[in-house]
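Raw contents of entry-v4.cif, mmCIF, C-alpha atoms:
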data_my_file
loop_
_atom_site.label_atom_id
_atom_site.label_comp_id
_atom_site.auth_asym_id
_atom_site.auth_seq_id
_atom_site.Cartn_x
_atom_site.Cartn_y
_atom_site.Cartn_z
CA MET J 1 6.21 11.13 24.62
CA PHE J 2 6.37 9.53 28.07
CA GLY J 3 4.57 6.56 26.59
CA LEU J 4 7.59 5.99 24.37
CA LEU J 5 9.94 6.39 27.33
CA LEU J 6 8.04 3.76 29.31
CA LEU J 7 7.81 1.44 26.30
CA VAL J 8 11.57 1.52 25.75
CA ILE J 9 12.34 1.04 29.44
CA ARG J 10 9.91 -1.88 29.66
CA ARG J 11 11.31 -3.44 26.52
CA ASP J 12 14.93 -3.19 27.65
CA LEU J 13 14.13 -4.53 31.10
CA MET J 14 12.26 -7.44 29.54
CA LEU J 15 15.25 -8.19 27.32
CA ALA J 16 17.61 -7.96 30.30
CA MET J 17 15.45 -10.42 32.23
CA ARG J 18 15.68 -12.89 29.37
CA ARG J 19 19.47 -12.49 29.34
CA ARG J 20 20.15 -12.56 33.04
CA ALA J 21 23.77 -13.67 32.66
CA ASP J 22 24.71 -10.25 31.29
CA VAL J 23 23.24 -8.50 34.30
CA LEU J 24 24.87 -10.82 36.80
CA THR J 25 28.36 -10.55 35.32
CA THR J 26 28.42 -6.79 35.94
CA LEU J 27 27.30 -7.22 39.53
CA ILE J 28 29.66 -10.10 40.24
CA PHE J 29 32.56 -8.15 38.76
CA PHE J 30 31.76 -5.28 41.12
CA VAL J 31 31.57 -7.56 44.16
CA MET J 32 34.83 -9.32 43.22
CA VAL J 33 36.86 -6.18 42.60
CA VAL J 34 35.71 -4.58 45.84
CA SER J 35 36.30 -7.76 47.85
CA LEU J 36 39.84 -8.15 46.52
CA PHE J 37 41.03 -5.04 48.35
CA PRO J 38 40.42 -6.13 51.97
CA LEU J 39 41.98 -9.48 51.09
CA GLY J 40 44.99 -7.89 49.43
CA VAL J 41 45.60 -5.05 51.89
CA GLY J 42 44.98 -7.09 54.99
CA PRO J 43 42.87 -6.40 58.08
CA GLU J 44 44.13 -2.89 58.84
CA MET J 45 40.90 -1.18 59.74
CA ASP J 46 42.19 2.38 59.57
CA MET J 47 43.60 2.04 56.10
CA LEU J 48 40.55 0.13 54.81
CA ARG J 49 38.18 2.71 56.20
CA LYS J 50 40.14 5.46 54.48
CA MET J 51 40.26 3.82 51.08
CA ALA J 52 36.70 2.44 51.11
CA PRO J 53 34.92 5.25 49.22
CA GLY J 54 37.59 5.37 46.53
CA VAL J 55 37.61 1.60 46.01
CA LEU J 56 33.83 1.35 45.87
CA TRP J 57 33.51 4.25 43.46
CA VAL J 58 36.30 3.09 41.14
CA ALA J 59 34.83 -0.42 41.09
CA ALA J 60 31.39 0.99 40.28
CA LEU J 61 32.92 3.06 37.49
CA LEU J 62 34.73 0.08 35.98
CA SER J 63 31.80 -2.28 36.18
CA SER J 64 29.51 0.26 34.58
CA MET J 65 32.03 0.39 31.68
CA LEU J 66 31.66 -3.37 31.27
CA SER J 67 28.02 -3.22 30.31
CA LEU J 68 28.14 -0.02 28.25
CA GLY J 69 29.12 -1.79 25.04
CA ARG J 70 25.78 -3.57 25.08
CA LEU J 71 23.75 -0.38 25.35
CA PHE J 72 23.29 -0.02 21.59
CA SER J 73 25.34 -2.78 19.95
CA ALA J 74 22.75 -5.58 20.13
CA ASP J 75 20.08 -3.31 18.67
CA HIS J 76 22.53 -2.17 16.02
CA LEU J 77 23.37 -5.71 14.93
CA ASP J 78 19.80 -6.94 14.50
CA GLY J 79 18.51 -3.78 12.83
CA THR J 80 16.28 -2.64 15.68
CA LEU J 81 18.26 0.57 16.02
CA GLU J 82 17.41 1.51 12.42
CA GLN J 83 13.74 1.11 13.22
CA MET J 84 14.16 3.20 16.36
CA MET J 85 15.64 6.01 14.34
CA LEU J 86 12.60 5.90 12.08
CA ALA J 87 10.24 6.16 15.01
CA PRO J 88 8.03 9.20 14.54
CA GLN J 89 8.98 10.40 18.02
CA SER J 90 12.00 12.12 19.38
CA LEU J 91 15.11 9.95 19.23
CA SER J 92 16.46 11.73 22.32
CA MET J 93 13.52 10.49 24.36
CA LEU J 94 14.10 6.98 23.13
CA VAL J 95 17.78 7.21 24.01
CA LEU J 96 16.89 8.50 27.47
CA GLY J 97 14.68 5.44 27.90
CA LYS J 98 17.53 3.14 26.96
CA MET J 99 19.88 4.93 29.38
CA ALA J 100 17.33 4.67 32.18
CA ALA J 101 16.88 0.95 31.57
CA HIS J 102 20.65 0.51 31.43
CA TRP J 103 20.97 2.19 34.81
CA MET J 104 18.25 0.06 36.37
CA VAL J 105 19.98 -3.07 35.14
CA SER J 106 23.62 -2.23 35.75
CA GLY J 107 23.68 0.78 38.11
CA LEU J 108 20.93 0.17 40.61
CA PRO J 109 22.14 -3.32 41.64
CA LEU J 110 25.54 -1.81 42.46
CA VAL J 111 23.92 0.83 44.66
CA LEU J 112 21.95 -1.83 46.51
CA MET J 113 25.02 -4.02 46.91
CA ALA J 114 27.34 -1.23 48.09
CA PRO J 115 26.31 -1.15 51.78
CA VAL J 116 26.99 -4.87 52.14
CA LEU J 117 30.42 -4.43 50.61
CA GLY J 118 31.06 -1.31 52.70
CA ILE J 119 30.90 -3.44 55.83
CA GLN J 120 34.03 -5.27 54.67
CA PHE J 121 35.81 -1.94 54.97
CA ASP J 122 34.41 -1.21 58.42
CA MET J 123 32.56 1.87 57.17
CA SER J 124 30.33 3.66 59.67
CA ALA J 125 26.59 3.70 59.15
CA GLU J 126 26.73 7.40 58.43
CA ALA J 127 29.40 7.01 55.76
CA LEU J 128 27.46 4.12 54.20
CA GLY J 129 24.35 6.29 54.00
CA ILE J 130 26.19 9.05 52.17
CA LEU J 131 27.89 6.51 49.92
CA ILE J 132 24.49 5.21 48.84
CA VAL J 133 23.10 8.69 48.23
CA GLY J 134 26.22 9.55 46.23
CA LEU J 135 25.98 6.38 44.17
CA LEU J 136 22.28 6.97 43.56
CA LEU J 137 23.06 10.39 42.16
CA GLY J 138 26.27 9.38 40.41
CA THR J 139 25.64 6.06 38.69
CA PRO J 140 22.91 7.45 36.40
CA ILE J 141 25.45 10.05 35.23
CA LEU J 142 27.87 7.24 34.40
CA SER J 143 25.18 5.51 32.31
CA MET J 144 24.37 8.74 30.50
CA ILE J 145 27.93 9.85 29.76
CA GLY J 146 28.68 6.27 28.79
CA GLY J 147 25.80 6.41 26.34
CA ILE J 148 27.59 9.08 24.32
CA GLY J 149 30.71 6.92 24.13
CA ALA J 150 28.68 3.82 23.27
CA ALA J 151 26.96 5.67 20.43
CA LEU J 152 30.23 7.05 19.06
CA THR J 153 32.02 3.69 19.08
CA LEU J 154 29.05 1.79 17.65
CA GLY J 155 30.08 -0.81 15.11
CA LEU J 156 33.82 -0.23 15.58
CA ARG J 157 36.11 -3.20 16.01
CA GLY J 158 37.70 -3.13 19.45
CA GLY J 159 35.23 -0.43 20.38
CA GLY J 160 35.14 -1.63 23.99
CA VAL J 161 38.62 -0.39 24.88
CA LEU J 162 38.16 2.84 22.96
CA LEU J 163 34.87 3.35 24.74
CA SER J 164 36.56 3.14 28.15
CA LEU J 165 39.31 5.53 27.05
CA LEU J 166 36.70 8.03 25.88
CA VAL J 167 34.35 7.79 28.79
CA LEU J 168 36.55 7.27 31.86
CA PRO J 169 38.13 10.77 31.80
CA LEU J 170 34.67 12.32 31.55
CA CYS J 171 33.60 10.44 34.66
CA ILE J 172 36.36 11.87 36.85
CA PRO J 173 34.21 14.71 38.30
CA VAL J 174 31.59 12.19 39.39
CA LEU J 175 34.31 10.14 41.07
CA ILE J 176 35.78 13.15 42.85
CA PHE J 177 32.51 14.44 44.27
CA GLY J 178 31.21 10.97 45.08
CA THR J 179 34.24 9.99 47.13
CA GLY J 180 34.56 13.53 48.46
CA ALA J 181 31.13 13.32 50.06
CA VAL J 182 31.99 10.13 51.95
CA GLU J 183 35.35 11.52 53.08
CA ALA J 184 33.64 14.70 54.25
CA VAL J 185 31.18 12.82 56.41
CA SER J 186 33.92 10.74 58.02
CA THR J 187 35.89 13.87 58.91
CA GLY J 188 32.80 15.60 60.20
CA LEU J 189 32.45 18.19 57.46
CA SER J 190 29.27 19.09 55.61
CA VAL J 191 28.42 16.85 52.66
CA ALA J 192 25.89 19.22 51.15
CA SER J 193 28.32 20.82 48.70
CA HIS J 194 29.51 17.52 47.24
CA LEU J 195 26.04 16.10 46.90
CA SER J 196 24.66 19.30 45.38
CA LEU J 197 27.43 19.26 42.80
CA LEU J 198 26.62 15.62 41.98
CA GLY J 199 22.97 16.60 41.69
CA ALA J 200 23.88 19.46 39.38
CA LEU J 201 25.92 17.10 37.21
CA LEU J 202 22.96 14.74 37.07
CA VAL J 203 20.63 17.51 35.91
CA LEU J 204 23.15 18.62 33.30
CA ALA J 205 23.56 15.07 32.07
CA LEU J 206 19.78 14.57 31.90
CA ALA J 207 19.43 17.72 29.85
CA PHE J 208 22.21 17.20 27.33
CA THR J 209 23.44 13.62 27.04
CA PRO J 210 20.30 12.14 25.40
CA TRP J 211 20.42 14.75 22.67
CA VAL J 212 24.18 14.39 22.12
CA THR J 213 23.85 10.60 22.06
CA ALA J 214 21.03 10.81 19.52
CA GLN J 215 23.24 12.92 17.25
CA ALA J 216 26.16 10.51 17.71
CA LEU J 217 23.88 7.61 16.77
CA ARG J 218 22.84 9.35 13.57
CA ILE J 219 26.51 9.82 12.67
CA SER J 220 27.33 6.18 13.48
CA MET J 221 24.51 4.91 11.27
CA GLU J 222 26.01 6.37 8.08
CA MET R 1 3.85 12.07 -2.89
CA LEU R 2 7.55 11.35 -2.84
CA GLU R 3 9.72 13.48 -5.08
CA VAL R 4 13.43 12.92 -5.57
CA SER R 5 15.30 15.54 -7.51
CA ASN R 6 18.85 15.47 -8.78
CA LEU R 7 20.02 13.06 -6.10
CA ALA R 8 23.68 12.07 -5.89
CA CYS R 9 25.06 9.57 -3.44
CA SER R 10 28.47 8.09 -2.71
CA ARG R 11 29.92 5.55 -0.34
CA GLY R 12 33.47 6.41 0.67
CA ASP R 13 35.19 7.78 -2.42
CA HIS R 14 32.99 5.79 -4.73
CA ARG R 15 30.22 7.65 -6.55
CA LEU R 16 27.14 5.44 -6.72
CA PHE R 17 24.75 7.55 -8.74
CA THR R 18 24.24 11.18 -9.74
CA GLY R 19 21.39 13.22 -11.13
CA LEU R 20 18.69 10.81 -10.02
CA SER R 21 15.19 12.24 -10.25
CA PHE R 22 11.83 10.56 -9.98
CA ALA R 23 8.44 11.01 -8.39
CA LEU R 24 6.20 8.45 -6.80
CA HIS R 25 2.50 9.24 -6.63
CA PRO R 26 -0.19 7.64 -4.45
CA GLY R 27 -1.12 4.22 -5.75
CA GLN R 28 2.18 3.73 -7.55
CA ILE R 29 4.82 1.07 -7.13
CA MET R 30 8.43 1.30 -8.22
CA GLN R 31 11.09 -1.35 -8.38
CA VAL R 32 14.72 -0.29 -8.08
CA GLN R 33 16.90 -2.47 -10.27
CA GLY R 34 20.60 -2.78 -10.75
CA GLU R 35 23.48 -5.15 -10.30
CA ASN R 36 25.11 -5.81 -6.93
CA GLY R 37 26.85 -2.70 -5.67
CA SER R 38 24.96 -0.33 -7.93
CA GLY R 39 23.50 1.51 -4.95
CA LYS R 40 20.00 0.10 -4.55
CA THR R 41 20.23 -0.27 -0.82
CA SER R 42 22.04 3.06 -0.50
CA LEU R 43 19.21 4.74 -2.39
CA LEU R 44 16.60 3.25 -0.07
CA ARG R 45 18.66 4.14 3.00
CA THR R 46 19.01 7.68 1.70
CA LEU R 47 15.22 7.83 1.39
CA CYS R 48 15.07 6.85 5.07
CA GLY R 49 17.51 9.55 6.08
CA PHE R 50 20.22 7.16 7.27
CA LEU R 51 22.59 8.42 4.59
CA MET R 52 23.00 12.05 3.66
CA PRO R 53 22.86 12.62 -0.09
CA ASP R 54 25.83 14.48 -1.59
CA GLU R 55 23.48 16.59 -3.67
CA GLY R 56 19.82 16.84 -4.41
CA ASP R 57 16.68 16.81 -2.38
CA ILE R 58 14.02 14.38 -1.25
CA ALA R 59 10.60 15.89 -0.76
CA TRP R 60 7.49 14.43 0.83
CA ASN R 61 4.23 16.15 -0.17
CA GLY R 62 6.21 19.18 -1.26
CA SER R 63 8.44 19.69 1.81
CA SER R 64 11.98 18.48 2.24
CA VAL R 65 12.19 15.35 4.41
CA SER R 66 15.16 16.73 6.33
CA GLU R 67 12.84 19.43 7.62
CA LEU R 68 9.83 17.19 8.14
CA GLN R 69 11.82 14.57 10.08
CA GLU R 70 9.32 12.92 12.46
CA GLU R 71 6.27 13.90 10.41
CA TYR R 72 7.77 12.04 7.47
CA TYR R 73 8.78 9.06 9.59
CA ALA R 74 5.19 8.73 10.80
CA GLU R 75 4.09 8.16 7.19
CA MET R 76 6.80 5.77 6.06
CA LEU R 77 7.78 2.23 6.87
CA TYR R 78 11.20 0.77 6.15
CA LEU R 79 12.03 -2.89 6.05
CA GLY R 80 15.72 -3.55 5.56
CA HIS R 81 17.95 -6.58 5.15
CA LEU R 82 17.92 -7.01 8.90
CA ASN R 83 14.70 -8.22 10.42
CA ALA R 84 14.85 -5.93 13.44
CA ILE R 85 13.38 -8.60 15.67
CA LYS R 86 14.74 -9.69 19.03
CA ASP R 87 15.66 -13.35 19.41
CA GLU R 88 14.69 -13.41 23.08
CA LEU R 89 11.18 -12.09 22.49
CA SER R 90 8.23 -13.91 20.98
CA GLY R 91 6.73 -12.93 17.65
CA LEU R 92 3.84 -11.35 19.48
CA GLU R 93 6.07 -9.23 21.73
CA ASN R 94 8.27 -8.24 18.81
CA LEU R 95 5.33 -7.08 16.74
CA ARG R 96 3.70 -5.15 19.58
CA ILE R 97 6.94 -3.41 20.51
CA SER R 98 7.82 -2.42 16.96
CA ALA R 99 4.29 -1.12 16.47
CA GLY R 100 4.64 0.82 19.70
CA LEU R 101 7.88 2.38 18.50
CA SER R 102 6.15 3.61 15.38
CA GLY R 103 3.46 5.13 17.55
CA ILE R 104 0.71 2.53 17.15
CA GLU R 105 -0.96 1.04 20.18
CA LEU R 106 -1.46 -2.55 19.10
CA GLY R 107 -3.77 -4.85 21.03
CA GLU R 108 -2.90 -8.50 21.60
CA LYS R 109 -5.79 -9.74 19.45
CA GLU R 110 -4.84 -7.60 16.48
CA ALA R 111 -1.21 -8.64 16.77
CA ILE R 112 -2.11 -12.32 16.87
CA ALA R 113 -4.44 -11.87 13.90
CA ALA R 114 -1.62 -10.22 11.93
CA LEU R 115 0.83 -13.02 12.78
CA ARG R 116 -1.74 -15.66 11.82
CA ARG R 117 -2.30 -14.01 8.49
CA MET R 118 1.47 -14.21 7.96
CA GLY R 119 1.18 -17.97 8.44
CA LEU R 120 2.59 -18.14 11.95
CA LYS R 121 -0.40 -19.77 13.63
CA GLY R 122 0.69 -21.58 16.77
CA ARG R 123 4.08 -19.87 16.78
CA GLU R 124 3.01 -16.48 18.11
CA LEU R 125 4.34 -17.10 21.60
CA LEU R 126 7.59 -18.88 20.75
CA PRO R 127 10.82 -16.94 21.16
CA THR R 128 11.86 -16.00 17.65
CA LYS R 129 15.28 -17.62 18.06
CA VAL R 130 13.63 -21.04 17.60
CA LEU R 131 11.95 -19.98 14.35
CA SER R 132 13.41 -20.59 10.91
CA GLN R 133 14.90 -17.80 8.82
CA GLY R 134 11.76 -17.56 6.69
CA GLN R 135 9.49 -17.51 9.71
CA ARG R 136 11.52 -14.71 11.28
CA ARG R 137 11.18 -12.77 8.07
CA ARG R 138 7.43 -13.33 8.29
CA VAL R 139 7.42 -11.88 11.82
CA ALA R 140 9.23 -8.82 10.48
CA LEU R 141 6.84 -8.53 7.54
CA ALA R 142 3.83 -8.69 9.85
CA ARG R 143 4.59 -5.00 10.51
CA LEU R 144 3.19 -4.28 7.05
CA LEU R 145 -0.19 -5.50 8.27
CA VAL R 146 -0.39 -3.31 11.35
CA SER R 147 1.17 -0.13 10.00
CA ASP R 148 -0.79 2.79 8.63
CA ALA R 149 2.21 4.24 6.79
CA LYS R 150 1.62 5.66 3.32
CA LEU R 151 5.05 4.91 1.91
CA TRP R 152 6.61 1.47 2.13
CA VAL R 153 10.35 1.24 1.53
CA LEU R 154 11.17 -2.45 1.20
CA ASP R 155 14.72 -3.71 0.73
CA GLU R 156 14.65 -7.29 -0.54
CA PRO R 157 11.34 -8.12 1.14
CA LEU R 158 11.22 -11.57 -0.45
CA ALA R 159 14.56 -12.85 0.84
CA ALA R 160 14.19 -16.24 2.58
CA LEU R 161 10.46 -16.46 1.83
CA ASP R 162 8.72 -19.49 0.30
CA VAL R 163 6.28 -19.37 -2.61
CA ALA R 164 3.18 -19.03 -0.43
CA ALA R 165 4.69 -16.14 1.49
CA VAL R 166 5.74 -14.39 -1.72
CA ALA R 167 2.12 -14.62 -2.94
CA LEU R 168 0.99 -13.18 0.39
CA ILE R 169 3.38 -10.22 0.10
CA GLU R 170 2.13 -9.57 -3.44
CA GLU R 171 -1.40 -9.55 -2.05
CA LEU R 172 -0.44 -7.13 0.75
CA ILE R 173 1.24 -4.78 -1.70
CA ALA R 174 -1.82 -4.84 -3.97
CA GLU R 175 -4.06 -3.97 -1.00
CA HIS R 176 -1.71 -1.18 0.02
CA LEU R 177 -1.69 0.30 -3.48
CA ALA R 178 -5.47 0.08 -3.63
CA ARG R 179 -5.54 2.23 -0.47
CA GLN R 180 -3.52 4.85 -2.38
CA GLY R 181 -0.30 3.77 -0.71
CA MET R 182 3.12 3.93 -2.33
CA VAL R 183 5.78 1.25 -2.52
CA ILE R 184 9.41 1.45 -3.53
CA PHE R 185 11.36 -1.77 -3.31
CA THR R 186 14.29 -3.83 -4.51
CA THR R 187 14.24 -7.52 -5.25
CA HIS R 188 16.12 -10.15 -7.16
CA GLN R 189 13.09 -12.37 -7.30
CA PRO R 190 10.15 -11.71 -9.59
CA LEU R 191 7.31 -9.93 -7.86
CA GLN R 192 4.00 -9.48 -9.65
CA VAL R 193 1.27 -7.24 -8.45
CA ALA R 194 -1.97 -7.93 -10.28
CA GLY R 195 -3.50 -5.04 -12.17
CA MET R 196 -0.78 -2.52 -11.33
CA GLU R 197 1.70 -0.88 -13.59
CA MET R 198 5.15 -1.63 -12.22
CA ARG R 199 7.55 1.24 -12.71
CA THR R 200 11.22 0.45 -12.69
CA LEU R 201 14.25 2.52 -11.84
CA THR R 202 17.47 1.08 -13.15
CA LEU R 203 20.77 2.08 -11.61
CA THR R 204 23.50 1.49 -14.16
CA ARG R 205 27.18 2.20 -14.20
CA ALA R 206 28.08 4.66 -16.91
CA GLY R 207 31.47 6.32 -17.17
CA SER R 208 32.56 7.85 -13.91
CA GLY R 209 29.39 7.08 -12.06
CA SER R 210 25.94 5.61 -12.34
CA ARG R 211 22.86 7.31 -13.57
CA GLY R 212 19.39 6.37 -12.68
CA ARG R 213 16.90 5.85 -15.47
CA SER R 214 13.30 5.90 -14.52
CA ALA R 215 10.81 4.19 -16.82
#
Please, can you express the file's structure as structure tokens?
Amino acid sequence: MFGLLLLVIRRDLMLAMRRRADVLTTLIFFVMVVSLFPLGVGPEMDMLRKMAPGVLWVAALLSSMLSLGRLFSADHLDGTLEQMMLAPQSLSMLVLGKMAAHWMVSGLPLVLMAPVLGIQFDMSAEALGILIVGLLLGTPILSMIGGIGAALTLGLRGGGVLLSLLVLPLCIPVLIFGTGAVEAVSTGLSVASHLSLLGALLVLALAFTPWVTAQALRISME
Amino acid sequence: MLEVSNLACSRGDHRLFTGLSFALHPGQIMQVQGENGSGKTSLLRTLCGFLMPDEGDIAWNGSSVSELQEEYYAEMLYLGHLNAIKDELSGLENLRISAGLSGIELGEKEAIAALRRMGLKGRELLPTKVLSQGQRRRVALARLLVSDAKLWVLDEPLAALDVAAVALIEELIAEHLARQGMVIFTTHQPLQVAGMEMRTLTLTRAGSGSRGRSA
């Protein structure tokens, strides 16, 4: 079972490496959106520091939407998805592998880039640390919830916009607790509650989204 | 053994066929015939579980395939209109990954041997986007060589293939049948398998819907 998981992750990472442009566009979009705010708002440190977590999280949310459409569509178009559904192993496991690879390609680079961008907002080292922990817990959830939307909108024309409309509302809790943690640390409160809630969401997503996505894929294939 | 009983299938509001029953025993081959739009592909996709039949049941060795699920998938191989190969990957990588997905650990040597037998010598390591349509089809068909599935469901396997490749596919099918395998396929090109009785299933339009006639 884990063999299949690793096979799918390796395959998707290999494909991403051969199509580097796709990976870079997501990351560059993230960097651009975040960098626009200090330029637009001006060098008012207090205001920037206050809005930093929100801006970084919203930008991460939007850029993760950008790459979601590709999660299943390429495999759908060339028939690989059909073959995956005929694999004599659990489709949920396979879907989990695809989500994990999607996160490594489009989520993890954002997490690694965030501290550099945080400096533009004059964030303290402590706040940056919590931001990274929050993003590490939160971005996989975005990939997993997004997977459900991607599976449901598979093969639809204009599915990209519909996908965002479906998925963005579901991501609001992640946004709230992610930014909440950073705000808590800058006001000197405990961050444990926010991070535990993010962790709980991650566990819930791990348990249910692959299965739901697998069912949605079966419906979309009809 | 594959048993289909009283199968009915529709796409949208359109009834494709009703009351379709047939059985396919080990060592048998069946060609599904019918004009365009008569439901050949839909029948094969229903056998794969992509489409839910309106009525009727599909059984594999006596149990319904909707209950068997993965057990059934382990014993069947489907080759559709789409090649299911990735342009960015080489023929070798494509073959090894698709074998891996169907649960077969395929070594590099075996994969190269399979591709060579499909007439792709010297092209194993090229990304498949630089191959011709027929060569890509050959990469997809190489899965037949490395699979241990009992039931082959082939939708237009000969599309885009040249004469030599068609002869090769006929040879592969004959070998598979000799191993007590089963084949159900559609084609618009003649396909002859030496020494085997070819059963045909004709989907025809009659009145409100089509009926399948198995000969």
Can I get the residues of chain R within 7 Å of chain J, each with the closest pair of atoms and their distance in Å to one decimal, using all atoms listed in the file, sorted chain first then ascending number, as CSV?
residue,atom,partner,partner_atom,distance
R:Phe50,CA,J:Glu222,CA,5.9
R:Leu51,CA,J:Glu222,CA,5.3
R:Glu70,CA,J:Pro88,CA,4.5
R:Glu71,CA,J:Pro88,CA,6.5
R:Tyr73,CA,J:Pro88,CA,5.0
R:Ala74,CA,J:Pro88,CA,4.7
R:Leu82,CA,J:Gly79,CA,5.1
R:Asn83,CA,J:Gly79,CA,6.3
R:Ala84,CA,J:Thr80,CA,4.2
R:Ile85,CA,J:Thr80,CA,6.6
R:Glu88,CA,J:Arg18,CA,6.4
R:Leu101,CA,J:Ala87,CA,5.7
R:Ser102,CA,J:Ala87,CA,4.8
R:Gly103,CA,J:Pro88,CA,6.8
| request: List the neighbours of region 150-158 of chain R out to 6 Å using all atoms listed in the file; skip same-chain residues closer than 2 positions along the sequence, and give me the result as a ChimeraX atom specification. | output: /R:75-80,161,181-187
For those residues, write C-alpha atoms to a file as a PDB file, in the frame of the given file.
ATOM      1  CA  GLU R  75       4.090   8.160   7.190  1.00  0.00           C
ATOM      2  CA  MET R  76       6.800   5.770   6.060  1.00  0.00           C
ATOM      3  CA  LEU R  77       7.780   2.230   6.870  1.00  0.00           C
ATOM      4  CA  TYR R  78      11.200   0.770   6.150  1.00  0.00           C
ATOM      5  CA  LEU R  79      12.030  -2.890   6.050  1.00  0.00           C
ATOM      6  CA  GLY R  80      15.720  -3.550   5.560  1.00  0.00           C
ATOM      7  CA  LEU R 161      10.460 -16.460   1.830  1.00  0.00           C
ATOM      8  CA  GLY R 181      -0.300   3.770  -0.710  1.00  0.00           C
ATOM      9  CA  MET R 182       3.120   3.930  -2.330  1.00  0.00           C
ATOM     10  CA  VAL R 183       5.780   1.250  -2.520  1.00  0.00           C
ATOM     11  CA  ILE R 184       9.410   1.450  -3.530  1.00  0.00           C
ATOM     12  CA  PHE R 185      11.360  -1.770  -3.310  1.00  0.00           C
ATOM     13  CA  THR R 186      14.290  -3.830  -4.510  1.00  0.00           C
ATOM     14  CA  THR R 187      14.240  -7.520  -5.250  1.00  0.00           C
TER      15      THR R 187
END
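Straight-line separation from CA of Ala60 (chain J) to CA of Phe30 (chain J): 6.3 Å.
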Can you give me, as a PDB file with C-alpha atoms, in the frame of the given file, the residues this file yields under the PyMOL selection byres ((chain J and resi 145) around 12)?
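Contents of the output file part-v6.pdb:
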ATOM      1  CA  LEU J  61      32.920   3.060  37.490  1.00  0.00           C
ATOM      2  CA  SER J  64      29.510   0.260  34.580  1.00  0.00           C
ATOM      3  CA  MET J  65      32.030   0.390  31.680  1.00  0.00           C
ATOM      4  CA  LEU J  68      28.140  -0.020  28.250  1.00  0.00           C
ATOM      5  CA  LEU J  71      23.750  -0.380  25.350  1.00  0.00           C
ATOM      6  CA  VAL J  95      17.780   7.210  24.010  1.00  0.00           C
ATOM      7  CA  LEU J  96      16.890   8.500  27.470  1.00  0.00           C
ATOM      8  CA  MET J  99      19.880   4.930  29.380  1.00  0.00           C
ATOM      9  CA  HIS J 102      20.650   0.510  31.430  1.00  0.00           C
ATOM     10  CA  TRP J 103      20.970   2.190  34.810  1.00  0.00           C
ATOM     11  CA  GLY J 138      26.270   9.380  40.410  1.00  0.00           C
ATOM     12  CA  THR J 139      25.640   6.060  38.690  1.00  0.00           C
ATOM     13  CA  PRO J 140      22.910   7.450  36.400  1.00  0.00           C
ATOM     14  CA  ILE J 141      25.450  10.050  35.230  1.00  0.00           C
ATOM     15  CA  LEU J 142      27.870   7.240  34.400  1.00  0.00           C
ATOM     16  CA  SER J 143      25.180   5.510  32.310  1.00  0.00           C
ATOM     17  CA  MET J 144      24.370   8.740  30.500  1.00  0.00           C
ATOM     18  CA  GLY J 146      28.680   6.270  28.790  1.00  0.00           C
ATOM     19  CA  GLY J 147      25.800   6.410  26.340  1.00  0.00           C
ATOM     20  CA  ILE J 148      27.590   9.080  24.320  1.00  0.00           C
ATOM     21  CA  GLY J 149      30.710   6.920  24.130  1.00  0.00           C
ATOM     22  CA  ALA J 150      28.680   3.820  23.270  1.00  0.00           C
ATOM     23  CA  ALA J 151      26.960   5.670  20.430  1.00  0.00           C
ATOM     24  CA  LEU J 152      30.230   7.050  19.060  1.00  0.00           C
ATOM     25  CA  LEU J 163      34.870   3.350  24.740  1.00  0.00           C
ATOM     26  CA  SER J 164      36.560   3.140  28.150  1.00  0.00           C
ATOM     27  CA  LEU J 166      36.700   8.030  25.880  1.00  0.00           C
ATOM     28  CA  VAL J 167      34.350   7.790  28.790  1.00  0.00           C
ATOM     29  CA  LEU J 168      36.550   7.270  31.860  1.00  0.00           C
ATOM     30  CA  PRO J 169      38.130  10.770  31.800  1.00  0.00           C
ATOM     31  CA  LEU J 170      34.670  12.320  31.550  1.00  0.00           C
ATOM     32  CA  CYS J 171      33.600  10.440  34.660  1.00  0.00           C
ATOM     33  CA  ILE J 172      36.360  11.870  36.850  1.00  0.00           C
ATOM     34  CA  PRO J 173      34.210  14.710  38.300  1.00  0.00           C
ATOM     35  CA  VAL J 174      31.590  12.190  39.390  1.00  0.00           C
ATOM     36  CA  LEU J 201      25.920  17.100  37.210  1.00  0.00           C
ATOM     37  CA  LEU J 202      22.960  14.740  37.070  1.00  0.00           C
ATOM     38  CA  LEU J 204      23.150  18.620  33.300  1.00  0.00           C
ATOM     39  CA  ALA J 205      23.560  15.070  32.070  1.00  0.00           C
ATOM     40  CA  LEU J 206      19.780  14.570  31.900  1.00  0.00           C
ATOM     41  CA  ALA J 207      19.430  17.720  29.850  1.00  0.00           C
ATOM     42  CA  PHE J 208      22.210  17.200  27.330  1.00  0.00           C
ATOM     43  CA  THR J 209      23.440  13.620  27.040  1.00  0.00           C
ATOM     44  CA  PRO J 210      20.300  12.140  25.400  1.00  0.00           C
ATOM     45  CA  TRP J 211      20.420  14.750  22.670  1.00  0.00           C
ATOM     46  CA  VAL J 212      24.180  14.390  22.120  1.00  0.00           C
ATOM     47  CA  THR J 213      23.850  10.600  22.060  1.00  0.00           C
TER      48      THR J 213
END
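Atom pair CA of Val191 (chain J) / CA of Ser106 (chain J): separated by 25.9 Å.
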| query | Once the PyMOL selection byres ((chain J and resi 38-53) around 8) has been applied to the shown file, what residues remain in the selection, as a ChimeraX atom specification? | reply | /J:34-37,54-57,118,120-123,131,178-179,182-183
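Between CA of Ser64 (chain R) and CA of Leu2 (chain R) lies a distance of 9.8 Å.
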| field | Given the PyMOL selection byres ((chain R and resi 32) around 12), the residues it picks as a ChimeraX atom specification | value | /R:20,22,29-31,33-36,38-44,153-156,183-188,198-204,212-215
